[in-house]
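Peer 1: Dropping a structure here in structure tokens format, bear with me for questions.
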Amino acid sequence: METIHSLKEMQVRALALKKQGKTIAFVPTMGYLHEGHLSLLREGRKRGDVLVLSIFVNPTQFGPGEDLDAYPRDLDRDSALASEAGTDLLFFPTSEQIYPAGYATSVDVEGLTDTLCGASRPGHFRGVTTVVAKLFGIVQPDLALFGSKDFQQLAVIRRMTEDLNLPVEIVGMPIVREEGGLAMSSRNVNLSAAERSQALCLVGAIAQASNAYGEGERRAEVLIALARQRIEQEPDARIDYLQICNDSTLADVELADNQSVMLLSVRVGKTRLIDNHYLSRPQRDIPFCRFKINTWLSCSG
Ligand code: PAF
């Protein structure tokens, strides 16, 4: 694996690879890689001739008072993991290269970004779509892989790619979970042992709602109340949002169906965590048996 620091060099290399007819698979990240990122890299390895990983903690997607400075970073560890997962090129630019003086253009996706994380983090998605569009211009990927834990981010990036006619296939990959069910996130490292155990309320809330859905309950308000009860059992958990939305419009639904996704963001102590689940889909990757509910769902753990 080769590490490229220069934006220009990355772009020149990508254009040369394209000329040779190579397919570029791209995994954009903010680093501090975990098993979720590695699943994207492994899939990218299978699908592309050349696998490019970017690591860039993008300042424009963090609001004032958010955790930009506290965001975990460890390039040596990331490089070792990336290389093991088959990455060919690791692109690691500086902020000054991505946002040079005089830079004045942003990408805004309207509508989809007004709700959920967009409502509680104004400007966040403008930062995400702008940097992803820039990275697509630099890395010239044929396909780009994103995790579906960030469900709204994936929907927004798909919209942007389609609306701007960018020639990139967007591949969404399943959520990877820790034992116990917590969705993998670089931010999990900031949880204390007690907070980590409280953080299981996110998947617990999903389990409550999924279980009720499996027993025939369709009223979103009832499903949300059940999920809320689970989260409120934890002293350090504060709900940012807890909604059941249509998977393509992200609009709230009154009655859940097989297009409905429960999306939630919960602060546990100072750490903001997100998760989501299609209520109609039993997911073998969630070890529901921990929650001692009458489960119609299969239990992996
Ligand atoms: O999901 C992330 O890690 C980031 O939002 C992304 C897509 C790399 C853009 O900075």
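Following the order of the structure tokens, chains are lettered A, B, ..., residues in each are numbered from 1, and ligands are numbered from 1.
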Around ligand 1, out to 8 Å and counting only C-alpha atoms and all ligand atoms, which residues are there? I want them as a VMD selection string.
Peer 2: chain A and resid 27 to 31 54 to 58 61 127 to 129 131 to 132 146 to 147 150 153
Peer 1: Show me, as a PDB file with N, CA, C and O atoms, in the first residue's frame, the residues that have an atom within 9 Å of segment 94-96 of chain A when counting only C-alpha atoms, minus same-chain residues fewer than 2 positions from it.
Peer 2:
```pdb
ATOM      1  N   HIS A   5      -0.035  11.925   0.006  1.00  0.00           N
ATOM      2  CA  HIS A   5      -0.423  13.103   0.782  1.00  0.00           C
ATOM      3  C   HIS A   5      -0.892  14.239  -0.126  1.00  0.00           C
ATOM      4  O   HIS A   5      -1.642  15.108   0.299  1.00  0.00           O
ATOM      5  N   SER A   6      -0.384  14.244  -1.364  1.00  0.00           N
ATOM      6  CA  SER A   6      -0.664  15.382  -2.238  1.00  0.00           C
ATOM      7  C   SER A   6      -1.945  15.150  -3.054  1.00  0.00           C
ATOM      8  O   SER A   6      -2.106  14.119  -3.722  1.00  0.00           O
ATOM      9  N   LEU A   7      -2.816  16.160  -2.993  1.00  0.00           N
ATOM     10  CA  LEU A   7      -4.095  16.099  -3.719  1.00  0.00           C
ATOM     11  C   LEU A   7      -3.835  15.954  -5.227  1.00  0.00           C
ATOM     12  O   LEU A   7      -4.433  15.138  -5.909  1.00  0.00           O
ATOM     13  N   PHE A  56      -9.706  11.625   6.040  1.00  0.00           N
ATOM     14  CA  PHE A  56      -9.712  13.081   6.157  1.00  0.00           C
ATOM     15  C   PHE A  56     -10.788  13.456   7.172  1.00  0.00           C
ATOM     16  O   PHE A  56     -11.976  13.210   6.940  1.00  0.00           O
ATOM     17  N   VAL A  57     -10.367  13.982   8.313  1.00  0.00           N
ATOM     18  CA  VAL A  57     -11.346  14.424   9.314  1.00  0.00           C
ATOM     19  C   VAL A  57     -11.823  15.798   8.841  1.00  0.00           C
ATOM     20  O   VAL A  57     -11.113  16.793   8.957  1.00  0.00           O
ATOM     21  N   ASN A  58     -13.009  15.788   8.251  1.00  0.00           N
ATOM     22  CA  ASN A  58     -13.504  16.937   7.485  1.00  0.00           C
ATOM     23  C   ASN A  58     -14.070  18.023   8.396  1.00  0.00           C
ATOM     24  O   ASN A  58     -15.170  17.860   8.943  1.00  0.00           O
ATOM     25  N   PRO A  59     -13.369  19.147   8.550  1.00  0.00           N
ATOM     26  CA  PRO A  59     -13.831  20.146   9.519  1.00  0.00           C
ATOM     27  C   PRO A  59     -15.185  20.750   9.190  1.00  0.00           C
ATOM     28  O   PRO A  59     -15.925  21.123  10.099  1.00  0.00           O
ATOM     29  N   PHE A  92      -4.312  10.781   2.090  1.00  0.00           N
ATOM     30  CA  PHE A  92      -4.356  11.428   3.413  1.00  0.00           C
ATOM     31  C   PHE A  92      -4.012  12.918   3.240  1.00  0.00           C
ATOM     32  O   PHE A  92      -2.897  13.349   3.501  1.00  0.00           O
ATOM     33  N   ILE A  98      -7.588  20.554   0.823  1.00  0.00           N
ATOM     34  CA  ILE A  98      -9.004  20.361   0.477  1.00  0.00           C
ATOM     35  C   ILE A  98      -9.737  21.710   0.466  1.00  0.00           C
ATOM     36  O   ILE A  98     -10.585  21.956  -0.397  1.00  0.00           O
ATOM     37  N   TYR A  99      -9.409  22.562   1.426  1.00  0.00           N
ATOM     38  CA  TYR A  99     -10.083  23.871   1.517  1.00  0.00           C
ATOM     39  C   TYR A  99      -9.046  24.986   1.440  1.00  0.00           C
ATOM     40  O   TYR A  99      -8.748  25.636   2.453  1.00  0.00           O
ATOM     41  N   PRO A 100      -8.481  25.232   0.248  1.00  0.00           N
ATOM     42  CA  PRO A 100      -7.463  26.292   0.128  1.00  0.00           C
ATOM     43  C   PRO A 100      -8.094  27.675   0.300  1.00  0.00           C
ATOM     44  O   PRO A 100      -9.310  27.826   0.138  1.00  0.00           O
ATOM     45  N   ALA A 101      -7.270  28.652   0.597  1.00  0.00           N
ATOM     46  CA  ALA A 101      -7.766  30.024   0.736  1.00  0.00           C
ATOM     47  C   ALA A 101      -8.505  30.394  -0.546  1.00  0.00           C
ATOM     48  O   ALA A 101      -8.054  30.060  -1.648  1.00  0.00           O
TER      49      ALA A 101
END
```
Peer 1: Using only C-alpha atoms, can you tell me which of A:Ala205, A:Leu250, A:Val109, A:Ala237 comes closest to Thr161 of chain A?
Peer 2: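 Comparing A:Ala205, A:Leu250, A:Val109, A:Ala237 against Thr161 of chain A, the winner is A:Val109.
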Peer 1: Show which residues sit within 9 Å of segment 77-91 of chain A, as JSON, numbers by chain. Count only C-alpha atoms, and ignore same-chain residues fewer than 3 positions away.
Peer 2: {"A": [1, 2, 3, 4, 5, 6, 7, 10, 31, 32, 33, 34, 38, 39, 41, 42, 44, 45, 50, 51, 52, 53, 54, 55, 56, 73, 74, 139]}
Peer 1: Hey, what's within 10 Å of Arg238 of chain A if we count only C-alpha atoms and toss same-chain stuff fewer than 6 positions away? As a list in words, please?
Peer 2: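 The neighbour list is Ile231, Glu232, Ser265, Val266, Arg267, Val268, Gly269, Lys270 and Arg272 of chain A.
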Peer 1: Hey, can you spit out that residue selection with N, CA, C and O atoms as a PDB file, in the first residue's frame?
Peer 2:
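Once written, out-v3.pdb looks like this:
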```pdb
ATOM      1  N   ILE A 231     -34.953   3.464  26.057  1.00  0.00           N
ATOM      2  CA  ILE A 231     -33.834   4.421  26.171  1.00  0.00           C
ATOM      3  C   ILE A 231     -33.909   5.155  27.511  1.00  0.00           C
ATOM      4  O   ILE A 231     -32.881   5.393  28.162  1.00  0.00           O
ATOM      5  N   GLU A 232     -35.127   5.453  27.934  1.00  0.00           N
ATOM      6  CA  GLU A 232     -35.283   6.228  29.174  1.00  0.00           C
ATOM      7  C   GLU A 232     -34.917   5.432  30.426  1.00  0.00           C
ATOM      8  O   GLU A 232     -34.825   5.996  31.504  1.00  0.00           O
ATOM      9  N   SER A 265     -30.998   8.850  17.187  1.00  0.00           N
ATOM     10  CA  SER A 265     -29.729   9.425  17.610  1.00  0.00           C
ATOM     11  C   SER A 265     -29.858   9.679  19.110  1.00  0.00           C
ATOM     12  O   SER A 265     -30.843  10.279  19.556  1.00  0.00           O
ATOM     13  N   VAL A 266     -28.897   9.175  19.852  1.00  0.00           N
ATOM     14  CA  VAL A 266     -28.963   9.264  21.314  1.00  0.00           C
ATOM     15  C   VAL A 266     -27.594   9.693  21.820  1.00  0.00           C
ATOM     16  O   VAL A 266     -26.566   9.177  21.359  1.00  0.00           O
ATOM     17  N   ARG A 267     -27.601  10.646  22.717  1.00  0.00           N
ATOM     18  CA  ARG A 267     -26.351  11.014  23.378  1.00  0.00           C
ATOM     19  C   ARG A 267     -26.186  10.147  24.614  1.00  0.00           C
ATOM     20  O   ARG A 267     -27.096  10.095  25.446  1.00  0.00           O
ATOM     21  N   VAL A 268     -25.055   9.477  24.727  1.00  0.00           N
ATOM     22  CA  VAL A 268     -24.781   8.711  25.945  1.00  0.00           C
ATOM     23  C   VAL A 268     -23.584   9.395  26.579  1.00  0.00           C
ATOM     24  O   VAL A 268     -22.479   9.382  26.018  1.00  0.00           O
ATOM     25  N   GLY A 269     -23.825  10.067  27.706  1.00  0.00           N
ATOM     26  CA  GLY A 269     -22.802  10.975  28.230  1.00  0.00           C
ATOM     27  C   GLY A 269     -22.587  12.052  27.190  1.00  0.00           C
ATOM     28  O   GLY A 269     -23.540  12.648  26.699  1.00  0.00           O
ATOM     29  N   LYS A 270     -21.316  12.224  26.770  1.00  0.00           N
ATOM     30  CA  LYS A 270     -21.033  13.267  25.772  1.00  0.00           C
ATOM     31  C   LYS A 270     -21.006  12.731  24.346  1.00  0.00           C
ATOM     32  O   LYS A 270     -20.773  13.467  23.394  1.00  0.00           O
ATOM     33  N   ARG A 272     -22.382  11.152  20.945  1.00  0.00           N
ATOM     34  CA  ARG A 272     -23.616  11.073  20.162  1.00  0.00           C
ATOM     35  C   ARG A 272     -23.554   9.831  19.279  1.00  0.00           C
ATOM     36  O   ARG A 272     -22.623   9.668  18.492  1.00  0.00           O
TER      37      ARG A 272
END
```
Peer 1: Which residues are near segment 176-191 of chain A? Cut-off 7 Å, only C-alpha atoms, ignore same chain within fewer than 6 positions. Put them as a list in words.
Peer 2: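 My list of contacting residues is Tyr32, Leu33, His34, Glu35, Gly36, Ala199, Leu200, Val203, Thr271, Asp275, Ile286 and Pro287 of chain A.
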Peer 1: From a backbone DSSP assignment, name each residue in segment 56-276 of chain A labelled strand (DSSP E), as an MDAnalysis selection string.
Peer 2: chainID A and resid 89:91 143:147 169:173 237:246 260:268 271:276
Peer 1: Using only C-alpha atoms, which of A:Val261, A:Leu242, A:Val168, A:Leu279 sits nearest Glu217 of chain A?
Peer 2: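 With only C-alpha atoms as the atom set, the closest residue is A:Leu279.
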Peer 1: Using Å and a single decimal, report how far atom CA of Gly214 of chain A sits from atom CA of Leu154 of chain A.
Peer 2: 26.4 Å
Peer 1: Which residues are close to Glu221 of chain A, i.e. within 12 Å by only C-alpha atoms, leaving aside same-chain residues fewer than 6 positions away? Reply as a list of chain:residue names.
Peer 2: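 Everything that qualifies: A:Ala209, A:Ala212, A:Tyr213, A:Ala227, A:Arg228, A:Leu242, A:Gln243, A:Ile244, A:Cys245, A:Asp252, A:Val253, A:Glu254, A:Leu255, A:Ala256, A:Met262.
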Peer 1: Could you please determine the separation between atom CA of Asp108 of chain A and atom CA of Thr130 of chain A in Å, to one decimal place?
Peer 2: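 We find that atom CA of Asp108 of chain A and atom CA of Thr130 of chain A lie 7.6 Å from each other.
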Peer 1: What gap, in Å, lies between atom CA of Leu264 of chain A and atom CA of Thr249 of chain A?
Peer 2: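 Between atom CA of Leu264 of chain A and atom CA of Thr249 of chain A the gap is 16.2 Å.
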Peer 1: I need the residues in segment 208-253 of chain A that are alpha helix (DSSP H) according to DSSP; give them as a PyMOL selection string.
Peer 2: chain A and resi 208-214+220-232
Peer 1: Go ahead and write the selection's residues with C-alpha atoms as a short mmCIF file (atom, residue, chain, number, x, y, z; two decimals), in the first residue's frame.
Peer 2:
```
data_model
loop_
_atom_site.label_atom_id
_atom_site.label_comp_id
_atom_site.auth_asym_id
_atom_site.auth_seq_id
_atom_site.Cartn_x
_atom_site.Cartn_y
_atom_site.Cartn_z
CA GLN A 208 -38.60 -3.36 21.29
CA ALA A 209 -40.08 -1.69 18.23
CA SER A 210 -39.18 -4.55 15.86
CA ASN A 211 -40.69 -7.05 18.23
CA ALA A 212 -43.96 -5.11 18.45
CA TYR A 213 -43.95 -4.73 14.65
CA GLY A 214 -43.49 -8.49 14.33
CA ALA A 220 -45.59 4.63 14.52
CA GLU A 221 -46.47 6.53 17.66
CA VAL A 222 -46.84 3.29 19.65
CA LEU A 223 -43.64 1.78 18.22
CA ILE A 224 -41.74 4.97 19.05
CA ALA A 225 -43.14 5.04 22.59
CA LEU A 226 -41.92 1.47 23.16
CA ALA A 227 -38.46 2.34 21.90
CA ARG A 228 -38.40 5.53 23.97
CA GLN A 229 -39.21 3.58 27.15
CA ARG A 230 -36.13 1.43 26.62
CA ILE A 231 -33.83 4.42 26.17
CA GLU A 232 -35.28 6.23 29.17
#
```
Peer 1: Within 9 Å of Ala155 of chain A, counting only C-alpha atoms, which residues show up once you throw out same-chain ones fewer than 3 positions away? Write them as a PDB file with N, CA and C atoms, in the first residue's frame, please.
Peer 2:
```pdb
ATOM      1  N   LEU A 112     -33.971  16.408   1.875  1.00  0.00           N
ATOM      2  CA  LEU A 112     -33.526  15.244   2.659  1.00  0.00           C
ATOM      3  C   LEU A 112     -32.664  15.635   3.851  1.00  0.00           C
ATOM      4  N   ASP A 150     -24.989   5.266   8.858  1.00  0.00           N
ATOM      5  CA  ASP A 150     -25.307   6.654   8.540  1.00  0.00           C
ATOM      6  C   ASP A 150     -26.351   6.647   7.420  1.00  0.00           C
ATOM      7  N   PHE A 151     -27.548   6.210   7.770  1.00  0.00           N
ATOM      8  CA  PHE A 151     -28.600   5.967   6.776  1.00  0.00           C
ATOM      9  C   PHE A 151     -28.925   7.232   5.991  1.00  0.00           C
ATOM     10  N   GLN A 152     -29.053   8.349   6.730  1.00  0.00           N
ATOM     11  CA  GLN A 152     -29.405   9.613   6.065  1.00  0.00           C
ATOM     12  C   GLN A 152     -28.250  10.072   5.165  1.00  0.00           C
ATOM     13  N   ARG A 158     -26.507   9.488  -2.278  1.00  0.00           N
ATOM     14  CA  ARG A 158     -27.143   8.921  -3.479  1.00  0.00           C
ATOM     15  C   ARG A 158     -27.846  10.022  -4.267  1.00  0.00           C
ATOM     16  N   ARG A 159     -28.608  10.891  -3.541  1.00  0.00           N
ATOM     17  CA  ARG A 159     -29.344  11.985  -4.191  1.00  0.00           C
ATOM     18  C   ARG A 159     -28.366  12.910  -4.921  1.00  0.00           C
ATOM     19  N   MET A 160     -27.298  13.302  -4.213  1.00  0.00           N
ATOM     20  CA  MET A 160     -26.317  14.218  -4.807  1.00  0.00           C
ATOM     21  C   MET A 160     -25.717  13.604  -6.075  1.00  0.00           C
ATOM     22  N   ASP A 247     -38.119   5.121   3.797  1.00  0.00           N
ATOM     23  CA  ASP A 247     -36.679   4.964   3.515  1.00  0.00           C
ATOM     24  C   ASP A 247     -36.158   5.842   2.373  1.00  0.00           C
ATOM     25  N   SER A 248     -37.045   6.315   1.474  1.00  0.00           N
ATOM     26  CA  SER A 248     -36.487   7.151   0.408  1.00  0.00           C
ATOM     27  C   SER A 248     -36.733   8.636   0.623  1.00  0.00           C
ATOM     28  N   THR A 249     -37.908   9.012   1.164  1.00  0.00           N
ATOM     29  CA  THR A 249     -38.152  10.454   1.381  1.00  0.00           C
ATOM     30  C   THR A 249     -37.653  10.922   2.746  1.00  0.00           C
ATOM     31  N   LEU A 250     -37.490   9.997   3.674  1.00  0.00           N
ATOM     32  CA  LEU A 250     -37.139  10.267   5.084  1.00  0.00           C
ATOM     33  C   LEU A 250     -38.239  11.050   5.803  1.00  0.00           C
TER      34      LEU A 250
END
```
Peer 1: Under the rule that only C-alpha atoms are counted, which of A:Ala25, A:Leu263, A:Asp257, A:Gln11 is the nearest residue to Arg281 of chain A?
Peer 2: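 Counting only C-alpha atoms, the residue closest to Arg281 of chain A is A:Asp257.
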